[in-house]
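**Student:** Before I ask anything, here is the structure I am working with.
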Amino acid sequence: MKIGLLGTGFAVAHAGVYAARPGTEVVVYGRSPEKLAMFARNFGFATTTEVDAIYDDPDVDLVDVCLPTALHKEHILRALAAGKHVLCELPIAPTVAEAEEITRAAEASDKHVFIDMFMRVHPAVQHLHRVIRDGSLGELRALRSYRKAGPIWGPVDLGLGKLALEVMLSDLDYTVAALGLPREIHATGVTAGDGRAAAETVLRYDDAVVEYTASSMVPASYGVTHGFEATFTEGVLELHERPFERTGPVMRLTEYTPAGSREVGLSPADNYTAAINHVLDCVAKGTEDTLLTPRAATETLRLALDVDQALTRS
């Protein structure tokens with residue numbers, strides 16, 4: 001399978017997955033010859049400074065859009081028009097109107113459009129979703145979730161106006177996947193300046209409350225931590241993880257019931273790898289995707305934009 005990878009920033013995370021996947025050929029588009037040289041040197045990928053070379057190549061099966069959010073719609077629509085499948089990074093678009101336009105185009109096409117909602121393939125999140133569906137711990141009443149992110153990818157603005165779409169989005173997404181959109185949103189935050197901030201958000205559902213903490217006020221040495229505590233009528237499911245440790249992701253999922261506690265035997269997973277492998281498998285096998293769809297990503301974007309509005313006016 002031949003992939004056209006657009007971008008030289010966060011695209012490096014995708015490049016590592018493609019390089020480890022047998023049977024993939026990649027050409028990277030970027031504007032900086034210096035950055036492109038790194039992709040050629042580290043991954044052995046072909047590179048180009050002409051984006052037309054991606055779209056005009058009949059052998060390119062999938063266009064992977066790792067460009068700024070403002071450019072997502074343009075390149076998703078262009079890829080579909082060129083007869084390519086598309087994988088696009090989060091968020092799907094800067095506005096709901098653009099996201100809906102993308103959704104209509106994707107649903108009218110015979111090509112896949114995948115949005116990289118990578119937490120949907122997270123093993124602990126998938127376990128949480130199963131427990132909510134099957135009722136094995138009763139009914140969900142409260143979900144407390146957190147993510148603390150240091151600048152492990154270099155200096156980047158993760159201030160109060162960026163938290164909802166850059167730090168919180170993937171975790172808000174797995175909440176929307178399980179519960180839909182809330183009926184009430186309350187959010188407040190603080191800033192430390194220099195692109196660092198923290199926020200508390202409460203989402204109110206008819207029978208459950210979701211509390212979410214997000215912070216970029218930690219140093220790069222802290223890395224990234226994520227977790228949740230899901231309280232059901234008959235037990236608790238608790239996750240703690242550090243997804244980007246040098247030796248690989250570290251994850252602990254524990255179930256608590258009146259009978260005692262037990263560790264849920266799930267192996268940690270690199271979520272970017274799992275999501276991209278899901279995409280490549282769907283394209284290779286011609287199977288329908290119901291997990292990473294533009295329609296689902298648009299619903300999450302609605303919530304993230306509402307949270308963003310609440311934070312920036314707080």
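Going by the structure tokens order, chains are called A, B, ..., each with residues numbered from 1, while ligands are numbered from 1 in the order shown.
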Would you list the contacts of region 91-96 of chain A as an MDAnalysis selection string, taking every protein, DNA or RNA residue within 10 Å and counting only C-alpha atoms, but skipping same-chain residues closer than 4 positions in sequence?

**Tutor:** chainID A and resid 68:74 76 100:103 114:117 165:166 169:170 293:302 304:305

**Student:** Please produce a file of those selected residues containing N, CA, C and O atoms, as a tab-separated table (two decimals), in the first residue's frame.

**Tutor:**
chain	number	residue	atom	x	y	z
A	68	PRO	N	-1.90	21.59	9.59
A	68	PRO	CA	-2.70	22.40	10.51
A	68	PRO	C	-4.20	22.22	10.28
A	68	PRO	O	-4.65	22.01	9.14
A	69	THR	N	-4.97	22.32	11.35
A	69	THR	CA	-6.41	22.05	11.30
A	69	THR	C	-7.13	22.87	10.24
A	69	THR	O	-8.07	22.38	9.59
A	70	ALA	N	-6.70	24.10	10.04
A	70	ALA	CA	-7.35	24.97	9.06
A	70	ALA	C	-7.25	24.42	7.64
A	70	ALA	O	-8.03	24.82	6.76
A	71	LEU	N	-6.32	23.49	7.40
A	71	LEU	CA	-6.13	22.92	6.06
A	71	LEU	C	-6.79	21.56	5.89
A	71	LEU	O	-6.75	20.98	4.81
A	72	HIS	N	-7.41	21.04	6.94
A	72	HIS	CA	-7.96	19.68	6.88
A	72	HIS	C	-9.02	19.53	5.81
A	72	HIS	O	-8.98	18.60	4.99
A	73	LYS	N	-10.00	20.41	5.80
A	73	LYS	CA	-11.09	20.27	4.83
A	73	LYS	C	-10.56	20.29	3.40
A	73	LYS	O	-10.93	19.43	2.58
A	74	GLU	N	-9.70	21.25	3.10
A	74	GLU	CA	-9.16	21.37	1.75
A	74	GLU	C	-8.54	20.06	1.28
A	74	GLU	O	-8.80	19.59	0.16
A	76	ILE	N	-8.77	16.90	2.68
A	76	ILE	CA	-9.67	15.74	2.68
A	76	ILE	C	-10.49	15.74	1.40
A	76	ILE	O	-10.61	14.71	0.71
A	100	GLU	N	-19.11	19.20	9.02
A	100	GLU	CA	-20.31	18.66	8.37
A	100	GLU	C	-20.12	18.55	6.87
A	100	GLU	O	-20.59	17.60	6.23
A	101	GLU	N	-19.41	19.52	6.28
A	101	GLU	CA	-19.12	19.44	4.84
A	101	GLU	C	-18.24	18.23	4.53
A	101	GLU	O	-18.47	17.51	3.54
A	102	ILE	N	-17.24	17.99	5.38
A	102	ILE	CA	-16.40	16.82	5.22
A	102	ILE	C	-17.21	15.54	5.34
A	102	ILE	O	-17.06	14.60	4.55
A	103	THR	N	-18.10	15.51	6.33
A	103	THR	CA	-18.93	14.32	6.55
A	103	THR	C	-19.80	14.01	5.34
A	103	THR	O	-19.90	12.86	4.90
A	114	PHE	N	-11.07	8.45	7.47
A	114	PHE	CA	-10.86	8.10	8.88
A	114	PHE	C	-10.36	9.33	9.62
A	114	PHE	O	-9.48	10.05	9.12
A	115	ILE	N	-10.90	9.59	10.80
A	115	ILE	CA	-10.39	10.65	11.65
A	115	ILE	C	-9.69	9.97	12.83
A	115	ILE	O	-10.23	9.05	13.44
A	116	ASP	N	-8.48	10.42	13.15
A	116	ASP	CA	-7.62	9.69	14.07
A	116	ASP	C	-8.05	9.84	15.54
A	116	ASP	O	-7.32	10.38	16.37
A	117	MET	N	-9.22	9.33	15.85
A	117	MET	CA	-9.74	9.33	17.22
A	117	MET	C	-9.16	8.13	17.96
A	117	MET	O	-9.84	7.15	18.27
A	165	LEU	N	-9.12	21.60	22.37
A	165	LEU	CA	-8.92	20.97	21.06
A	165	LEU	C	-7.58	20.26	20.93
A	165	LEU	O	-7.43	19.39	20.06
A	166	GLU	N	-6.61	20.59	21.78
A	166	GLU	CA	-5.29	20.00	21.62
A	166	GLU	C	-4.95	18.97	22.71
A	166	GLU	O	-4.16	18.07	22.48
A	169	LEU	N	-9.36	16.72	23.60
A	169	LEU	CA	-10.26	16.25	22.56
A	169	LEU	C	-10.38	14.73	22.49
A	169	LEU	O	-11.49	14.19	22.42
A	170	SER	N	-9.28	14.03	22.52
A	170	SER	CA	-9.34	12.57	22.37
A	170	SER	C	-10.05	11.92	23.55
A	170	SER	O	-10.72	10.88	23.39
A	293	THR	N	-15.18	7.54	12.17
A	293	THR	CA	-15.90	8.20	11.09
A	293	THR	C	-15.95	9.71	11.27
A	293	THR	O	-15.93	10.23	12.40
A	294	PRO	N	-16.05	10.46	10.17
A	294	PRO	CA	-16.22	11.91	10.26
A	294	PRO	C	-17.46	12.32	11.04
A	294	PRO	O	-17.45	13.32	11.76
A	295	ARG	N	-18.54	11.56	10.92
A	295	ARG	CA	-19.76	11.91	11.66
A	295	ARG	C	-19.51	11.84	13.17
A	295	ARG	O	-19.94	12.72	13.92
A	296	ALA	N	-18.83	10.80	13.62
A	296	ALA	CA	-18.52	10.68	15.04
A	296	ALA	C	-17.58	11.80	15.48
A	296	ALA	O	-17.76	12.40	16.56
A	297	ALA	N	-16.58	12.12	14.66
A	297	ALA	CA	-15.64	13.18	15.00
A	297	ALA	C	-16.32	14.54	15.06
A	297	ALA	O	-15.92	15.41	15.85
A	298	THR	N	-17.35	14.73	14.26
A	298	THR	CA	-18.08	16.00	14.27
A	298	THR	C	-18.83	16.18	15.58
A	298	THR	O	-18.88	17.29	16.14
A	299	GLU	N	-19.42	15.12	16.11
A	299	GLU	CA	-20.12	15.21	17.39
A	299	GLU	C	-19.14	15.59	18.50
A	299	GLU	O	-19.45	16.43	19.36
A	300	THR	N	-17.97	14.98	18.49
A	300	THR	CA	-16.96	15.32	19.50
A	300	THR	C	-16.50	16.76	19.34
A	300	THR	O	-16.28	17.46	20.33
A	301	LEU	N	-16.35	17.22	18.10
A	301	LEU	CA	-15.95	18.60	17.87
A	301	LEU	C	-16.97	19.57	18.45
A	301	LEU	O	-16.60	20.61	19.01
A	302	ARG	N	-18.26	19.25	18.31
A	302	ARG	CA	-19.29	20.12	18.90
A	302	ARG	C	-19.03	20.32	20.40
A	302	ARG	O	-19.07	21.44	20.92
A	304	ALA	N	-16.19	19.77	22.11
A	304	ALA	CA	-14.91	20.43	22.38
A	304	ALA	C	-15.00	21.94	22.16
A	304	ALA	O	-14.43	22.72	22.93
A	305	LEU	N	-15.71	22.36	21.14
A	305	LEU	CA	-15.87	23.79	20.89
A	305	LEU	C	-16.70	24.45	21.98
A	305	LEU	O	-16.43	25.60	22.37

**Student:** Extract, using only C-alpha atoms, all DNA, RNA and protein residues at most 10 Å from region 278-289 of chain A, discarding same-chain residues fewer than 6 positions from it, and format them as a list of chain:residue names.

**Tutor:**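 Residues meeting the cut-off are A:Met1, A:Ile3, A:Tyr18, A:Arg21, A:Thr24, A:Asp61, A:Leu62, A:His85, A:Val86, A:Leu87, A:Lys111, A:His112, A:Val113, A:Phe114, A:Ile115, A:Asp116, A:Phe118, A:Val121, A:Tyr272.
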
**Student:** Could you pull out all residues of region 39-132 of chain A with a DSSP call of strand (DSSP E) and give them as a PDB file with N, CA, C and O atoms, in the first residue's frame?

**Tutor:**
ATOM      1  N   ALA A  46      10.565   8.322   0.576  1.00  0.00           N
ATOM      2  CA  ALA A  46      10.667   9.318  -0.484  1.00  0.00           C
ATOM      3  C   ALA A  46      10.025  10.611   0.010  1.00  0.00           C
ATOM      4  O   ALA A  46       9.136  10.597   0.873  1.00  0.00           O
ATOM      5  N   THR A  47      10.472  11.749  -0.511  1.00  0.00           N
ATOM      6  CA  THR A  47       9.948  13.045  -0.077  1.00  0.00           C
ATOM      7  C   THR A  47       9.703  13.943  -1.287  1.00  0.00           C
ATOM      8  O   THR A  47      10.268  13.729  -2.373  1.00  0.00           O
ATOM      9  N   THR A  48       8.856  14.953  -1.079  1.00  0.00           N
ATOM     10  CA  THR A  48       8.582  15.915  -2.134  1.00  0.00           C
ATOM     11  C   THR A  48       8.150  17.244  -1.525  1.00  0.00           C
ATOM     12  O   THR A  48       7.528  17.262  -0.455  1.00  0.00           O
ATOM     13  N   VAL A  60      -0.816   6.071  -5.184  1.00  0.00           N
ATOM     14  CA  VAL A  60      -1.086   6.438  -3.787  1.00  0.00           C
ATOM     15  C   VAL A  60      -2.499   5.996  -3.424  1.00  0.00           C
ATOM     16  O   VAL A  60      -3.477   6.421  -4.033  1.00  0.00           O
ATOM     17  N   ASP A  61      -2.601   5.128  -2.438  1.00  0.00           N
ATOM     18  CA  ASP A  61      -3.902   4.604  -2.001  1.00  0.00           C
ATOM     19  C   ASP A  61      -4.528   5.455  -0.904  1.00  0.00           C
ATOM     20  O   ASP A  61      -5.749   5.612  -0.842  1.00  0.00           O
ATOM     21  N   LEU A  62      -3.684   5.976  -0.004  1.00  0.00           N
ATOM     22  CA  LEU A  62      -4.160   6.663   1.195  1.00  0.00           C
ATOM     23  C   LEU A  62      -3.391   7.961   1.379  1.00  0.00           C
ATOM     24  O   LEU A  62      -2.159   7.976   1.316  1.00  0.00           O
ATOM     25  N   VAL A  63      -4.109   9.055   1.610  1.00  0.00           N
ATOM     26  CA  VAL A  63      -3.504  10.333   1.957  1.00  0.00           C
ATOM     27  C   VAL A  63      -3.682  10.540   3.451  1.00  0.00           C
ATOM     28  O   VAL A  63      -4.805  10.507   3.966  1.00  0.00           O
ATOM     29  N   ASP A  64      -2.584  10.743   4.159  1.00  0.00           N
ATOM     30  CA  ASP A  64      -2.584  10.953   5.609  1.00  0.00           C
ATOM     31  C   ASP A  64      -2.331  12.431   5.866  1.00  0.00           C
ATOM     32  O   ASP A  64      -1.236  12.947   5.620  1.00  0.00           O
ATOM     33  N   VAL A  65      -3.349  13.128   6.373  1.00  0.00           N
ATOM     34  CA  VAL A  65      -3.298  14.582   6.525  1.00  0.00           C
ATOM     35  C   VAL A  65      -2.854  14.931   7.943  1.00  0.00           C
ATOM     36  O   VAL A  65      -3.624  14.824   8.901  1.00  0.00           O
ATOM     37  N   HIS A  85      -8.248   7.172  -0.404  1.00  0.00           N
ATOM     38  CA  HIS A  85      -8.716   7.080   0.969  1.00  0.00           C
ATOM     39  C   HIS A  85      -7.993   8.148   1.790  1.00  0.00           C
ATOM     40  O   HIS A  85      -6.923   8.625   1.401  1.00  0.00           O
ATOM     41  N   VAL A  86      -8.566   8.508   2.947  1.00  0.00           N
ATOM     42  CA  VAL A  86      -7.989   9.588   3.754  1.00  0.00           C
ATOM     43  C   VAL A  86      -7.943   9.202   5.225  1.00  0.00           C
ATOM     44  O   VAL A  86      -8.917   8.666   5.771  1.00  0.00           O
ATOM     45  N   LEU A  87      -6.811   9.503   5.858  1.00  0.00           N
ATOM     46  CA  LEU A  87      -6.692   9.522   7.310  1.00  0.00           C
ATOM     47  C   LEU A  87      -6.342  10.940   7.697  1.00  0.00           C
ATOM     48  O   LEU A  87      -5.415  11.532   7.121  1.00  0.00           O
ATOM     49  N   CYS A  88      -7.067  11.526   8.649  1.00  0.00           N
ATOM     50  CA  CYS A  88      -6.818  12.906   9.047  1.00  0.00           C
ATOM     51  C   CYS A  88      -6.653  12.986  10.554  1.00  0.00           C
ATOM     52  O   CYS A  88      -7.405  12.364  11.304  1.00  0.00           O
ATOM     53  N   VAL A 113     -12.933   7.780   4.771  1.00  0.00           N
ATOM     54  CA  VAL A 113     -12.319   8.904   5.458  1.00  0.00           C
ATOM     55  C   VAL A 113     -12.277   8.536   6.941  1.00  0.00           C
ATOM     56  O   VAL A 113     -13.317   8.324   7.573  1.00  0.00           O
ATOM     57  N   PHE A 114     -11.068   8.445   7.475  1.00  0.00           N
ATOM     58  CA  PHE A 114     -10.856   8.095   8.879  1.00  0.00           C
ATOM     59  C   PHE A 114     -10.359   9.334   9.621  1.00  0.00           C
ATOM     60  O   PHE A 114      -9.477  10.046   9.115  1.00  0.00           O
ATOM     61  N   ILE A 115     -10.895   9.589  10.797  1.00  0.00           N
ATOM     62  CA  ILE A 115     -10.391  10.649  11.653  1.00  0.00           C
ATOM     63  C   ILE A 115      -9.687   9.972  12.831  1.00  0.00           C
ATOM     64  O   ILE A 115     -10.227   9.050  13.443  1.00  0.00           O
TER      65      ILE A 115
END

**Student:** Identify which of the residues A:Leu5, A:Ala178, A:Ala11, A:Val307 lies closest to Ala79 (chain A), counting only C-alpha atoms when measuring atom-to-atom distances.

**Tutor:**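 Closest to Ala79 (chain A), using only C-alpha atoms: A:Leu5.
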
**Student:** Provide the CA of Thr247 (chain A) to CA of Tyr146 (chain A) distance in Å, to one decimal place.

**Tutor:**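 Distance between the two atoms: 22.3 Å.
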
**Student:** Determine the nearest neighbour of Glu245 (chain A) from the options A:Val209, A:Val218, A:Phe10, A:Ile152, counting only C-alpha atoms.

**Tutor:** A:Ile152

**Student:** So that I can see what lies close to region 130-137 of chain A, please list as a list in words the residues with an atom at most 7 Å from it, counting only C-alpha atoms and leaving out residues fewer than 5 positions away in the same chain.

**Tutor:**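 Once the nearby chain positions are removed, what remains is Phe232, Thr233, Glu234 and Gly235 of chain A.
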
**Student:** Contacts of Gly4 (chain A) at 6 Å or less, counting only C-alpha atoms, minus same-chain residues fewer than 6 places along, as a ChimeraX atom specification?

**Tutor:** /A:26-28,54,63

**Student:** Save the residues we just selected, N, CA and C atoms, as a short mmCIF file (atom, residue, chain, number, x, y, z; two decimals), in the first residue's frame?

**Tutor:**
data_model
loop_
_atom_site.label_atom_id
_atom_site.label_comp_id
_atom_site.auth_asym_id
_atom_site.auth_seq_id
_atom_site.Cartn_x
_atom_site.Cartn_y
_atom_site.Cartn_z
N VAL A 26 5.91 4.89 1.45
CA VAL A 26 5.49 6.22 1.90
C VAL A 26 6.25 7.30 1.14
N VAL A 27 5.53 8.34 0.74
CA VAL A 27 6.14 9.56 0.23
C VAL A 27 5.62 10.71 1.09
N VAL A 28 6.53 11.54 1.58
CA VAL A 28 6.20 12.60 2.52
C VAL A 28 6.24 13.95 1.81
N ILE A 54 1.67 14.07 -4.78
CA ILE A 54 0.90 13.10 -4.00
C ILE A 54 -0.43 12.80 -4.71
N VAL A 63 -4.11 9.05 1.61
CA VAL A 63 -3.50 10.33 1.96
C VAL A 63 -3.68 10.54 3.45
#

**Student:** Quick one: everything within 6 Å of Glu200 (chain A), counting only C-alpha atoms, minus sequence neighbours fewer than 5 positions away in the same chain. Send it as a list of chain:residue names.

**Tutor:** A:Ala187, A:Thr188, A:Tyr212, A:Thr213

**Student:** How would the residues just picked look written out with N, CA, C and O atoms as a PDB file, in the first residue's frame?

**Tutor:**
ATOM      1  N   ALA A 187     -17.191  24.730  32.857  1.00  0.00           N
ATOM      2  CA  ALA A 187     -15.745  24.643  32.704  1.00  0.00           C
ATOM      3  C   ALA A 187     -15.082  25.909  33.216  1.00  0.00           C
ATOM      4  O   ALA A 187     -15.609  27.015  33.053  1.00  0.00           O
ATOM      5  N   THR A 188     -13.937  25.730  33.836  1.00  0.00           N
ATOM      6  CA  THR A 188     -13.149  26.864  34.293  1.00  0.00           C
ATOM      7  C   THR A 188     -11.682  26.489  34.215  1.00  0.00           C
ATOM      8  O   THR A 188     -11.326  25.306  34.273  1.00  0.00           O
ATOM      9  N   TYR A 212     -13.644  16.241  34.280  1.00  0.00           N
ATOM     10  CA  TYR A 212     -12.431  16.081  33.490  1.00  0.00           C
ATOM     11  C   TYR A 212     -11.397  17.137  33.867  1.00  0.00           C
ATOM     12  O   TYR A 212     -11.704  18.327  33.902  1.00  0.00           O
ATOM     13  N   THR A 213     -10.176  16.712  34.147  1.00  0.00           N
ATOM     14  CA  THR A 213      -9.054  17.593  34.460  1.00  0.00           C
ATOM     15  C   THR A 213      -8.043  17.518  33.330  1.00  0.00           C
ATOM     16  O   THR A 213      -7.636  16.425  32.925  1.00  0.00           O
TER      17      THR A 213
END

**Student:** CA of Leu128 (chain A) and CA of Ala214 (chain A) are how many Å apart?

**Tutor:**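 Those two atoms sit 20.0 Å apart.
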